[in-house]
$ cat structure.cif   # mmCIF, C-alpha atoms
data_final
loop_
_atom_site.label_atom_id
_atom_site.label_comp_id
_atom_site.auth_asym_id
_atom_site.auth_seq_id
_atom_site.Cartn_x
_atom_site.Cartn_y
_atom_site.Cartn_z
CA MET A 1 97.23 -6.64 58.03
CA LYS A 2 97.90 -8.97 60.98
CA ARG A 3 94.85 -7.58 62.77
CA ALA A 4 92.64 -8.25 59.72
CA ALA A 5 94.01 -11.79 59.43
CA PHE A 6 93.35 -12.36 63.14
CA ILE A 7 89.75 -11.16 62.79
CA VAL A 8 89.16 -13.48 59.83
CA LEU A 9 90.67 -16.41 61.76
CA PHE A 10 88.58 -15.57 64.84
CA LEU A 11 85.37 -15.41 62.82
CA PHE A 12 86.19 -18.75 61.18
CA VAL A 13 86.87 -20.44 64.52
CA PHE A 14 83.77 -18.88 66.10
CA THR A 15 81.57 -19.98 63.20
CA PHE A 16 83.00 -23.51 63.30
CA VAL A 17 82.43 -23.80 67.05
CA ALA A 18 78.90 -22.37 66.76
CA LEU A 19 78.03 -24.86 64.02
CA SER A 20 79.62 -27.73 65.95
CA GLN A 21 77.53 -26.94 69.00
CA THR A 22 74.32 -27.51 67.01
CA ILE A 23 75.11 -31.24 66.65
CA ILE A 24 73.83 -33.25 69.60
CA GLU A 25 75.88 -36.39 70.21
CA ASN A 26 73.92 -39.21 71.84
CA PRO A 27 75.45 -42.40 73.26
CA GLU A 28 74.90 -45.81 71.72
CA LYS A 29 72.31 -46.76 74.36
CA PRO A 30 69.11 -44.73 74.93
CA LEU A 31 67.70 -43.48 78.23
CA SER A 32 65.02 -46.17 78.51
CA LYS A 33 65.84 -49.13 80.74
CA ASN A 34 63.52 -51.28 78.62
CA ALA A 35 65.33 -50.59 75.34
CA GLY A 36 65.95 -53.40 72.86
CA ARG A 37 62.60 -55.14 73.41
CA VAL A 38 60.24 -56.29 70.68
CA LEU A 39 57.34 -53.82 70.60
CA LYS A 40 54.09 -55.58 71.52
CA LEU A 41 51.31 -55.12 68.97
CA LYS A 42 47.70 -56.27 68.74
CA GLU A 43 45.86 -56.59 65.43
CA ILE A 44 42.61 -54.64 65.58
CA MET A 45 41.61 -54.34 61.92
CA ARG A 46 42.44 -55.82 58.51
CA ILE A 47 41.49 -54.18 55.22
CA THR A 48 41.34 -56.56 52.24
CA ASP A 49 40.08 -56.27 48.67
CA GLU A 50 38.08 -59.50 48.82
CA GLY A 51 34.76 -57.69 48.27
CA GLY A 52 35.72 -56.74 44.72
CA GLU A 53 34.93 -53.02 45.14
CA PHE A 54 38.60 -52.15 44.68
CA TYR A 55 41.93 -53.89 44.11
CA PHE A 56 45.20 -53.49 46.03
CA GLY A 57 48.19 -53.26 43.70
CA GLY A 58 50.81 -51.62 45.90
CA PRO A 59 49.08 -49.85 48.81
CA ARG A 60 51.15 -47.24 50.65
CA ASN A 61 51.09 -43.80 52.22
CA VAL A 62 48.31 -44.39 54.76
CA LYS A 63 46.89 -41.23 56.37
CA VAL A 64 44.13 -40.68 58.93
CA THR A 65 41.97 -37.56 59.39
CA SER A 66 40.84 -36.21 62.76
CA ASP A 67 37.47 -37.99 62.41
CA GLY A 68 39.26 -41.33 61.98
CA SER A 69 38.72 -41.73 58.22
CA ILE A 70 41.51 -43.76 56.60
CA PHE A 71 43.09 -42.92 53.22
CA ILE A 72 45.36 -45.25 51.23
CA GLN A 73 47.30 -44.43 48.08
CA ASP A 74 47.63 -47.00 45.31
CA LYS A 75 48.07 -46.89 41.55
CA GLU A 76 45.21 -44.76 40.17
CA LYS A 77 43.56 -44.90 43.58
CA ILE A 78 43.02 -42.73 46.63
CA LEU A 79 40.91 -45.12 48.68
CA LYS A 80 38.80 -43.80 51.54
CA PHE A 81 37.66 -46.04 54.40
CA SER A 82 35.62 -45.47 57.53
CA PRO A 83 37.35 -45.60 60.94
CA GLU A 84 36.15 -49.23 61.10
CA GLY A 85 37.82 -50.08 57.78
CA GLU A 86 34.70 -50.15 55.60
CA PHE A 87 35.32 -49.06 52.02
CA ILE A 88 33.66 -45.75 51.13
CA LYS A 89 34.95 -44.64 47.72
CA ASN A 90 37.89 -44.11 45.39
CA LEU A 91 38.64 -40.38 45.19
CA TYR A 92 40.98 -40.74 42.19
CA LYS A 93 39.64 -39.23 38.97
CA LYS A 94 41.73 -40.02 35.89
CA GLY A 95 42.10 -37.36 33.22
CA GLN A 96 43.38 -33.88 32.49
CA GLY A 97 40.40 -31.80 33.56
CA PRO A 98 39.68 -29.98 36.84
CA GLY A 99 40.19 -32.30 39.81
CA GLU A 100 41.56 -35.04 37.56
CA ILE A 101 44.92 -36.80 37.86
CA MET A 102 47.42 -37.87 35.21
CA ASP A 103 49.51 -40.89 36.13
CA TYR A 104 51.83 -40.40 39.15
CA PHE A 105 50.69 -38.31 42.13
CA SER A 106 51.30 -37.80 45.83
CA TYR A 107 48.99 -36.40 48.48
CA HIS A 108 48.84 -35.02 52.01
CA ILE A 109 46.03 -34.48 54.50
CA HIS A 110 45.85 -31.12 56.28
CA LYS A 111 43.00 -30.26 58.68
CA ASN A 112 40.64 -32.80 57.06
CA GLU A 113 41.42 -31.42 53.60
CA MET A 114 43.43 -33.12 50.88
CA PHE A 115 46.16 -31.64 48.71
CA ILE A 116 47.16 -33.73 45.67
CA TRP A 117 50.33 -32.99 43.70
CA VAL A 118 50.25 -34.03 40.02
CA PRO A 119 53.78 -33.55 38.61
CA MET A 120 52.95 -34.22 34.93
CA ALA A 121 50.35 -31.45 34.96
CA ASN A 122 52.40 -29.33 37.40
CA LYS A 123 49.28 -28.66 39.45
CA VAL A 124 47.87 -29.02 42.95
CA ILE A 125 44.32 -30.25 43.52
CA HIS A 126 42.68 -29.12 46.77
CA THR A 127 39.66 -31.20 47.86
CA ASP A 128 37.61 -31.82 50.96
CA SER A 129 37.78 -35.20 52.70
CA ASP A 130 35.06 -36.58 50.40
CA GLY A 131 36.95 -35.65 47.26
CA GLY A 132 34.87 -32.56 46.48
CA LEU A 133 36.91 -30.03 44.50
CA VAL A 134 37.73 -26.91 46.52
CA ASP A 135 40.41 -25.43 44.29
CA GLU A 136 42.98 -26.30 41.65
CA PHE A 137 45.99 -24.30 40.53
CA LYS A 138 49.15 -24.56 38.50
CA VAL A 139 52.44 -24.30 40.37
CA GLU A 140 53.85 -21.40 38.34
CA SER A 141 57.04 -20.96 40.35
CA GLY A 142 58.72 -24.19 39.21
CA VAL A 143 58.68 -27.94 38.59
CA TYR A 144 59.42 -29.98 41.70
CA LYS A 145 60.57 -33.49 42.52
CA GLU A 146 58.49 -34.32 45.61
CA PHE A 147 55.57 -32.96 47.60
CA LEU A 148 56.56 -33.06 51.28
CA GLY A 149 53.41 -31.68 52.91
CA LYS A 150 51.35 -28.64 53.84
CA MET A 151 51.74 -25.99 56.51
CA ASP A 152 49.61 -22.91 57.14
CA GLY A 153 49.94 -20.65 54.12
CA TRP A 154 52.49 -22.78 52.27
CA LEU A 155 52.98 -26.02 50.34
CA ILE A 156 56.28 -27.80 50.95
CA PHE A 157 58.19 -29.24 47.99
CA LEU A 158 61.57 -30.79 47.30
CA ASN A 159 63.61 -29.63 44.32
CA SER A 160 66.90 -31.06 43.05
CA VAL A 161 69.71 -29.08 41.45
CA TRP A 162 72.42 -30.96 39.51
CA PRO A 163 75.35 -31.32 40.46
CA VAL A 164 78.43 -30.19 42.41
CA GLU A 165 81.43 -32.44 41.82
CA ARG A 166 83.01 -34.15 44.79
CA LYS A 167 86.63 -35.18 45.26
CA THR A 168 85.76 -38.88 45.14
CA SER A 169 85.67 -40.29 41.63
CA ARG A 170 82.25 -39.87 39.97
CA LEU A 171 80.45 -39.18 43.24
CA TYR A 172 78.53 -35.91 43.18
CA ASP A 173 76.54 -33.80 45.60
CA LEU A 174 72.95 -33.41 44.44
CA LYS A 175 71.44 -30.29 46.00
CA ASP A 176 68.09 -31.31 47.48
CA THR A 177 66.34 -28.01 48.18
CA VAL A 178 63.30 -27.69 50.45
CA VAL A 179 61.05 -25.05 48.88
CA LEU A 180 57.94 -23.28 50.21
CA VAL A 181 55.31 -22.41 47.60
CA SER A 182 52.34 -20.13 48.30
CA GLU A 183 48.84 -21.64 48.24
CA ASP A 184 48.11 -20.00 44.88
CA GLY A 185 51.27 -21.54 43.38
CA LYS A 186 52.75 -18.20 42.35
CA THR A 187 55.35 -17.44 45.02
CA GLU A 188 58.40 -19.55 45.83
CA LYS A 189 60.64 -19.26 48.88
CA GLU A 190 63.72 -21.44 49.31
CA SER A 191 63.94 -22.86 52.83
CA HIS A 192 67.14 -24.94 52.94
CA VAL A 193 69.56 -27.00 50.84
CA PHE A 194 70.58 -30.54 51.84
CA PRO A 195 73.40 -32.07 49.71
CA ARG A 196 72.98 -35.76 48.91
CA ILE A 197 75.51 -38.11 47.28
CA PHE A 198 74.83 -39.61 43.86
CA PHE A 199 76.96 -41.72 41.54
CA LEU A 200 76.75 -40.32 38.00
CA ILE A 201 77.50 -42.35 34.88
CA ALA A 202 78.97 -40.58 31.86
CA LEU A 203 76.97 -40.42 28.63
CA SER A 204 79.80 -42.27 26.88
CA GLN A 205 79.04 -45.21 29.21
CA GLY A 206 75.30 -45.11 28.66
CA GLY A 207 74.42 -42.31 31.08
CA GLY A 208 72.34 -42.44 34.24
CA PHE A 209 72.84 -42.30 37.99
CA LYS A 210 72.59 -44.40 41.13
CA ARG A 211 71.53 -43.13 44.54
CA TRP A 212 74.26 -43.32 47.17
CA ALA A 213 72.34 -41.65 50.01
CA SER A 214 68.57 -41.36 50.55
CA PHE A 215 66.44 -38.35 51.47
CA TYR A 216 63.83 -38.97 54.18
CA SER A 217 61.65 -36.33 55.79
CA ILE A 218 58.64 -36.02 58.10
CA LEU A 219 56.73 -32.97 59.31
CA SER A 220 56.45 -32.23 63.02
CA GLU A 221 52.97 -32.33 64.56
CA ASP A 222 52.66 -28.53 64.53
CA ARG A 223 53.92 -28.49 60.89
CA ARG A 224 56.48 -25.80 61.64
CA TYR A 225 59.50 -28.09 61.44
CA LEU A 226 60.80 -30.78 59.13
CA PHE A 227 62.92 -33.72 60.31
CA VAL A 228 65.41 -34.63 57.55
CA SER A 229 67.90 -37.46 56.95
CA HIS A 230 70.07 -37.01 53.84
CA THR A 231 73.42 -38.73 54.52
CA ARG A 232 74.66 -42.32 54.54
CA GLU A 233 75.77 -41.84 58.14
CA TYR A 234 73.47 -41.51 61.15
CA LEU A 235 72.43 -37.85 61.23
CA ILE A 236 69.06 -36.09 61.59
CA ASN A 237 68.40 -32.39 61.04
CA LEU A 238 65.49 -30.37 62.40
CA LEU A 239 64.62 -27.61 59.94
CA ASN A 240 62.63 -24.51 60.90
CA LEU A 241 60.70 -24.21 57.64
CA LYS A 242 59.79 -20.52 57.70
CA LYS A 243 63.21 -19.34 58.88
CA GLY A 244 65.03 -21.75 56.59
CA GLN A 245 67.42 -22.74 59.36
CA VAL A 246 68.47 -26.10 60.77
CA ILE A 247 67.95 -25.36 64.46
CA ARG A 248 69.57 -28.58 65.62
CA SER A 249 71.20 -31.72 64.30
CA PHE A 250 71.49 -34.92 66.27
CA LYS A 251 72.87 -38.40 66.01
CA ARG A 252 73.85 -41.32 68.19
CA LYS A 253 76.77 -43.72 68.28
CA TYR A 254 75.65 -46.36 65.83
CA PRO A 255 77.32 -49.72 65.05
CA ARG A 256 77.26 -49.57 61.26
CA ILE A 257 76.02 -52.55 59.24
CA LYS A 258 78.22 -53.93 56.49
CA HIS A 259 76.91 -53.62 52.94
CA VAL A 260 76.40 -56.99 51.24
CA MET A 261 76.16 -56.84 47.46
CA THR A 262 73.18 -58.39 45.71
CA ASP A 263 73.47 -59.99 42.27
CA ARG A 264 72.11 -56.75 40.82
CA ASP A 265 74.80 -54.77 42.65
CA LYS A 266 77.50 -57.09 41.31
CA GLU A 267 76.35 -56.49 37.72
CA PHE A 268 76.35 -52.73 38.27
CA TYR A 269 79.83 -52.74 39.83
CA LYS A 270 81.20 -54.89 37.04
CA LYS A 271 79.86 -52.54 34.37
CA TYR A 272 80.51 -49.09 35.90
CA HIS A 273 83.21 -49.64 38.61
CA PRO A 274 81.84 -47.20 41.25
CA PRO A 275 83.54 -46.71 44.64
CA LYS A 276 82.71 -49.62 46.93
CA LYS A 277 80.13 -49.24 49.66
CA LYS A 278 81.56 -50.49 52.92
CA TYR A 279 78.39 -49.97 54.97
CA LYS A 280 74.64 -49.73 54.43
CA ASN A 281 72.82 -46.43 54.86
CA ASP A 282 72.34 -46.12 58.63
CA ILE A 283 68.80 -44.70 58.33
CA ASN A 284 66.04 -46.22 56.19
CA GLY A 285 63.03 -44.08 57.10
CA LEU A 286 61.49 -41.49 59.42
CA PHE A 287 58.09 -41.72 61.11
CA LEU A 288 56.25 -39.60 63.66
CA CYS A 289 54.33 -41.21 66.53
CA ARG A 290 52.51 -38.38 68.31
CA ASP A 291 55.35 -35.93 68.97
CA LEU A 292 58.18 -38.51 68.96
CA LEU A 293 60.44 -39.27 66.01
CA TRP A 294 60.85 -42.92 65.07
CA VAL A 295 64.02 -43.67 63.09
CA LYS A 296 64.05 -46.88 61.07
CA THR A 297 67.64 -48.15 61.14
CA SER A 298 69.50 -50.67 58.97
CA THR A 299 69.91 -52.99 61.98
CA GLN A 300 67.93 -56.22 61.62
CA ASN A 301 67.63 -59.27 63.83
CA LYS A 302 66.24 -62.51 62.38
CA LYS A 303 64.11 -63.18 65.46
CA LYS A 304 63.31 -59.64 66.61
CA GLY A 305 62.89 -57.73 63.33
CA ILE A 306 64.00 -54.16 62.47
CA LEU A 307 65.43 -51.78 65.06
CA PHE A 308 63.70 -48.41 65.50
CA ASP A 309 65.21 -45.55 67.53
CA VAL A 310 63.08 -42.94 69.33
CA PHE A 311 64.01 -39.26 69.76
CA ASN A 312 62.20 -36.19 71.01
CA SER A 313 62.34 -32.85 69.18
CA LYS A 314 65.25 -31.76 71.39
CA GLY A 315 67.35 -34.52 69.85
CA GLN A 316 67.47 -36.70 72.97
CA TYR A 317 67.79 -40.44 72.34
CA LEU A 318 64.96 -41.79 74.50
CA ASP A 319 64.35 -45.39 73.50
CA ASN A 320 64.71 -48.13 70.92
CA PHE A 321 62.78 -51.28 70.09
CA TYR A 322 62.36 -53.91 67.39
CA LEU A 323 59.34 -54.17 65.11
CA ASN A 324 58.77 -57.77 64.06
CA LEU A 325 56.44 -57.32 61.10
CA ASN A 326 55.37 -59.55 58.23
CA GLY A 327 55.31 -56.54 55.94
CA SER A 328 56.18 -52.86 55.70
CA LEU A 329 55.21 -49.98 57.96
CA VAL A 330 53.26 -47.47 55.81
CA GLY A 331 51.64 -45.18 58.37
CA ILE A 332 51.31 -44.25 62.05
CA HIS A 333 48.38 -42.56 63.75
CA ASP A 334 48.19 -42.00 67.51
CA ASP A 335 49.01 -45.39 69.07
CA SER A 336 48.29 -47.42 65.92
CA LEU A 337 50.51 -48.71 63.11
CA PHE A 338 49.40 -49.47 59.55
CA VAL A 339 51.30 -52.29 57.86
CA THR A 340 51.14 -53.84 54.38
CA GLU A 341 51.04 -57.63 54.52
CA GLU A 342 50.56 -60.47 52.05
CA ASP A 343 48.12 -63.25 52.86
CA GLU A 344 48.66 -66.93 52.00
CA ASP A 345 47.41 -66.36 48.45
CA GLY A 346 49.76 -63.41 47.86
CA ASN A 347 47.02 -60.77 48.16
CA MET A 348 47.92 -57.45 49.77
CA ASN A 349 46.23 -56.40 53.03
CA ILE A 350 46.44 -53.27 55.15
CA VAL A 351 46.59 -54.29 58.80
CA LYS A 352 46.05 -51.89 61.68
CA TYR A 353 47.93 -52.76 64.86
CA LYS A 354 47.57 -51.10 68.24
CA ILE A 355 50.64 -50.59 70.40
CA VAL A 356 49.73 -52.40 73.63
CA GLU A 357 52.62 -51.13 75.78
#

$ encode --input "structure.cif" --output "structure tokens"
Amino acid sequence: MKRAAFIVLFLFVFTFVALSQTIIENPEKPLSKNAGRVLKLKEIMRITDEGGEFYFGGPRNVKVTSDGSIFIQDKEKILKFSPEGEFIKNLYKKGQGPGEIMDYFSYHIHKNEMFIWVPMANKVIHTDSDGGLVDEFKVESGVYKEFLGKMDGWLIFLNSVWPVERKTSRLYDLKDTVVLVSEDGKTEKESHVFPRIFFLIALSQGGGFKRWASFYSILSEDRRYLFVSHTREYLINLLNLKKGQVIRSFKRKYPRIKHVMTDRDKEFYKKYHPPKKKYKNDINGLFLCRDLLWVKTSTQNKKKGILFDVFNSKGQYLDNFYLNLNGSLVGIHDDSLFVTEEDEDGNMNIVKYKIVE
């Protein structure tokens, strides 16, 4: 009996140590001696809707193909531009027929081909870079929350399973599950589960929920791995998609930023009395610049802008810098950034900046 208990204890300790060793602890300061600078950018192109051929409502999700063609998502729009920023066409086709989109959608570019996820129709539209229909199929294996991208042989989705109760009052773990679906939509393979905190409101109080932690992800350049942030604290996981294993987790010592309630927050707290948030979410976005991971943090400086950290795939904290932008970063390609900006008249522009360092 004692021997069995010892074996169980040994296995527990061994497993705990093995799991602990997968977390890479980085110091507060990165390796670069030039860290903390404002990244120097040069505007090289500005896309506006002044010509009247299209209209920017809320442009986002900028992607670039290998030939330099630029794609921008907007409401009822998938806008294609030449490498020089000249408008070519709107690839969005509204409707319920083959190649047509109903309401909300998301898309990804893979090897100069486009894959469009239409949740309301539970289908994937596969087109060439000019919008020509290659294939369309129903996703028979399930209904998913988000379309995360495409890798050879598989589509990558995010599913959410409700909920597992936590010890803290009315805070729950939502199970965000990364799922691989075959290209014909018939076969599903679960890759990994990432728990994420939500605040749930009882039906007797009106029902609903409020996000406590965000889920951010970005595919590696070779599309074999997925970088994931799913906690309020500073932590990044590198998921081997096919094996379904987090091969490493990494973080760095991060001076947390205090949460300041907005008027909207105050109304919510007064009505539902959730646990108080002491700090902001440490991470507010993930981007990939060539083979380096850019982490958008919650640190802001009035003069310098937003602090971005830089890691390699081994989890080493290489660098950090500030991005002083007049808008939001919505895409990165090679050494160029795509940013949404408002002009003096309140019109939205997409501005392409080159990193001059």

$ resolve_selection --input "structure.cif" --expression "the PyMOL selection byres ((chain A and resi 165) around 12)" --output "PDB file with C-alpha atoms, in the coordinates of the input"
ATOM      1  CA  TRP A 162      72.420 -30.960  39.510  1.00  0.00           C
ATOM      2  CA  PRO A 163      75.350 -31.320  40.460  1.00  0.00           C
ATOM      3  CA  VAL A 164      78.430 -30.190  42.410  1.00  0.00           C
ATOM      4  CA  ARG A 166      83.010 -34.150  44.790  1.00  0.00           C
ATOM      5  CA  LYS A 167      86.630 -35.180  45.260  1.00  0.00           C
ATOM      6  CA  THR A 168      85.760 -38.880  45.140  1.00  0.00           C
ATOM      7  CA  SER A 169      85.670 -40.290  41.630  1.00  0.00           C
ATOM      8  CA  ARG A 170      82.250 -39.870  39.970  1.00  0.00           C
ATOM      9  CA  LEU A 171      80.450 -39.180  43.240  1.00  0.00           C
ATOM     10  CA  TYR A 172      78.530 -35.910  43.180  1.00  0.00           C
ATOM     11  CA  ASP A 173      76.540 -33.800  45.600  1.00  0.00           C
ATOM     12  CA  LEU A 174      72.950 -33.410  44.440  1.00  0.00           C
ATOM     13  CA  LYS A 175      71.440 -30.290  46.000  1.00  0.00           C
ATOM     14  CA  PRO A 195      73.400 -32.070  49.710  1.00  0.00           C
ATOM     15  CA  ARG A 196      72.980 -35.760  48.910  1.00  0.00           C
ATOM     16  CA  ILE A 197      75.510 -38.110  47.280  1.00  0.00           C
ATOM     17  CA  PHE A 198      74.830 -39.610  43.860  1.00  0.00           C
ATOM     18  CA  PHE A 199      76.960 -41.720  41.540  1.00  0.00           C
ATOM     19  CA  LEU A 200      76.750 -40.320  38.000  1.00  0.00           C
TER      20      LEU A 200
END

$ closest_residue --input "structure.cif" --among "A:Ser191, A:Asn122, A:Ser217, A:Thr297" --to "Lys138 (chain A)" --atoms "all atoms listed in the file"
A:Asn122

$ closest_residue --input "structure.cif" --among "A:His192, A:Arg60, A:Lys111, A:Lys145" --to "Ile72 (chain A)" --atoms "all atoms listed in the file"
A:Arg60

$ resolve_selection --input "structure.cif" --expression "the PyMOL selection byres ((chain A and resi 315) around 8)" --output "ChimeraX atom specification"
/A:24,248-251,311-314,316-317

$ atom_distance --input "structure.cif" --atom1 "CA of Val139 (chain A)" --atom2 "CA of Lys189 (chain A)"
12.8 Å

$ resolve_selection --input "structure.cif" --expression "the PyMOL selection byres ((chain A and resi 155) around 6)" --output "MDAnalysis selection string"
chainID A and resid 150 154 156 180:181

$ atom_distance --input "structure.cif" --atom1 "CA of Ile236 (chain A)" --atom2 "CA of Tyr353 (chain A)"
27.1 Å

$ atom_distance --input "structure.cif" --atom1 "CA of Ile283 (chain A)" --atom2 "CA of Arg211 (chain A)"
14.1 Å

$ closest_residue --input "structure.cif" --among "A:Met151, A:Ile23, A:Ile332, A:Ile257" --to "Tyr225 (chain A)" --atoms "only C-alpha atoms"
A:Met151

$ residues_around --input "structure.cif" --residues "Arg224 (chain A)" --least-positions-apart "4" --cutoff "9 Å" --atoms "only C-alpha atoms" --output "list in words"
Met151, Asp152, Leu219, Ser220, Leu239, Asn240, Leu241 and Lys242 of chain A

$ write_last_selection --input "structure.cif" --atoms "C-alpha atoms" --output "mmCIF file, in the frame of the given file"
data_model
loop_
_atom_site.group_PDB
_atom_site.id
_atom_site.type_symbol
_atom_site.label_atom_id
_atom_site.label_comp_id
_atom_site.auth_asym_id
_atom_site.auth_seq_id
_atom_site.Cartn_x
_atom_site.Cartn_y
_atom_site.Cartn_z
ATOM 1 C CA MET A 151 51.740 -25.990 56.510
ATOM 2 C CA ASP A 152 49.610 -22.910 57.140
ATOM 3 C CA LEU A 219 56.730 -32.970 59.310
ATOM 4 C CA SER A 220 56.450 -32.230 63.020
ATOM 5 C CA LEU A 239 64.620 -27.610 59.940
ATOM 6 C CA ASN A 240 62.630 -24.510 60.900
ATOM 7 C CA LEU A 241 60.700 -24.210 57.640
ATOM 8 C CA LYS A 242 59.790 -20.520 57.700
#
